[in-house]
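J.: Can you keep this structure in mind? I'll have questions shortly.
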Amino acid sequence: MSRLLRSNHPFRLLLYLEWILLGIALLTLFVPFPRHPFFWPHIIPGRGLKFPLGIFLSIFTLGSLGLKLPIHRSQTMKWGYTGLSMLLCWSTVLMGGRFRDYFIPMLLIVVIRACLLFPWKQRLIVASMAYGSFIIRLMTGLQRMRPPGMSRRLGSPPPWRGRGISQEWLASLQLRSALLFGLVLVFVLLMVGALLTEHRSRSELAAANHRLRQYALMIENQATLQERTRIAREMHDSVGHALTAQSIQLENVALWITQDQAKATGHLQIARTLGKDALQSVRQTVAALRNSPLQGQSLSEALMTLSQEFERTTSIPVKLSTHLETPVPKEVAEALYRLVQEALTNVSKHSQASQVVVDVSEQNASLVLTLSDNGQGFVPQQNTTGFGLQGMQERTAALGGTFSLHSQPQAGCHIHVSIPRVGGPA
């Protein structure tokens, strides 16, 4: 049953509401209560009513139709469904007697289902049909309430006695009932329309969130692929080159070891240096592959660890200073760490510097990173191996920051990065 409701009824709360209305109507069939013989002349005192099989079937059929709404069917099928529901409503009137009481709640159920099947224009048409049916039922029903001898013309004095009712009272009752039912119809249309709009908005929001998650996964996969490509290129250019050169030096060692011990020793020393360079490159690559570069540390602590590791592997001193009074957002902290890591890698590979200065500070609502070295420098416009610099620029731009680089031959290199604060603290 639950699977049937999910597949055929878009808003189960409304279906449960319909069943509650029809259930109350069914319960009243079995609850006897006195009626005034003037208004209900078909009830004879002292006699009961037989089991109302016809009205029971009408209510049960109308309730069962709610399980299978033709939402995805043609307009003809939808209008046929609505017409059948309207006929079931009128069957209660044709049965006469107290069964006419169920005509109004059944009309409201037809209007509720029309809101699920049609757009606003068709909903108003069905609501107008329901209102017209109510007016016809109201006029014919109140005419049966007219006592014998009562004039059918408005304004005529009632000739009958002791009834406590007048033709003006009947006209007032008709007007009030028509206005009340009209307000109820308007309320039902607005309420169900608001529920459906909210339900549709939630569904669209869920679909949009799903698409965003898919896009995020695609972007993450693309970024991972780009990072792997970058690391593969660096491994090929650095580790591959160092190992190739080391292999050549070892071949020279084998060539000269029996002929010239000094020359063989020189080639062996070069091979050792190349091996250390390859090992350093591998360590830096492994560090870059870590999912969380901070490893639970603050940015200052992580940069201190990175600087000490850089000094130990390259013997290039790093002067680090951090001036951070408040916690740094996680994504900004990771980006700054990666920027310093990439910059130090470039220094070790290309600069031939003897000292590096790193400073991280807060300026207004931004975090500022400055990194300088006293190496040989280069002409930025002529740099053709700046894959790492390009990555630094892209990483900074992704967080809405600014990246600038100044360098000249024999004048070192100076990098300035400014990133606005976003997100929460790391």
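Ordering of the structure tokens sets the chain letters (A, B, ...); residue numbers start at 1 within each chain; ligands are numbered from 1 in the order shown.
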I'd like to know which residues of segment 273-351 of chain A are helix (DSSP H, G or I) (by DSSP, run on the backbone); could you write them as a VMD selection string?

T.: chain A and resid 273 to 289 299 to 314 330 to 351

J.: Name the residues in contact with Ser407 of chain A at a cut-off of 6 Å, using only C-alpha atoms, excluding same-chain residues fewer than 6 positions from it; report them as a PyMOL selection string.

T.: chain A and resi 377-378+413

J.: Write out, as a PDB file, in the first residue's frame, the residues just selected, with C-alpha atoms.

T.:
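Result saved to part_6.pdb:
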ATOM      1  CA  GLY A 377      65.909  35.146  -9.551  1.00  0.00           C
ATOM      2  CA  PHE A 378      64.461  35.019 -13.043  1.00  0.00           C
ATOM      3  CA  CYS A 413      62.053  36.414  -5.864  1.00  0.00           C
TER       4      CYS A 413
END

J.: Show which residues sit within 10 Å of Gln269 of chain A, as a PyMOL selection string. Count only C-alpha atoms, and ignore same-chain residues fewer than 4 positions away.

T.: chain A and resi 246+249-250+253+263-265+273-275

J.: Please report the interatomic distance between atom CA of Ala127 of chain A and atom CA of Leu185 of chain A in Å with one decimal.

T.: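 The value is 6.9 Å.
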
J.: Hey, what does DSSP flag as strand (DSSP E) within segment 143-371 of chain A? Can you give it to me as a PyMOL selection string?

T.: chain A and resi 318-323+356-363+366-371

J.: When you draw a straight line from atom CA of Glu334 of chain A to atom CA of Leu294 of chain A, how long is it in Å?

T.: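 Calculated distance between atom CA of Glu334 of chain A and atom CA of Leu294 of chain A is 6.8 Å.
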
J.: Between atom CA of Pro317 of chain A and atom CA of Ala335 of chain A, what is the distance, to one decimal in Å?

T.: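 Atom-to-atom, atom CA of Pro317 of chain A and atom CA of Ala335 of chain A are spaced 22.7 Å apart.
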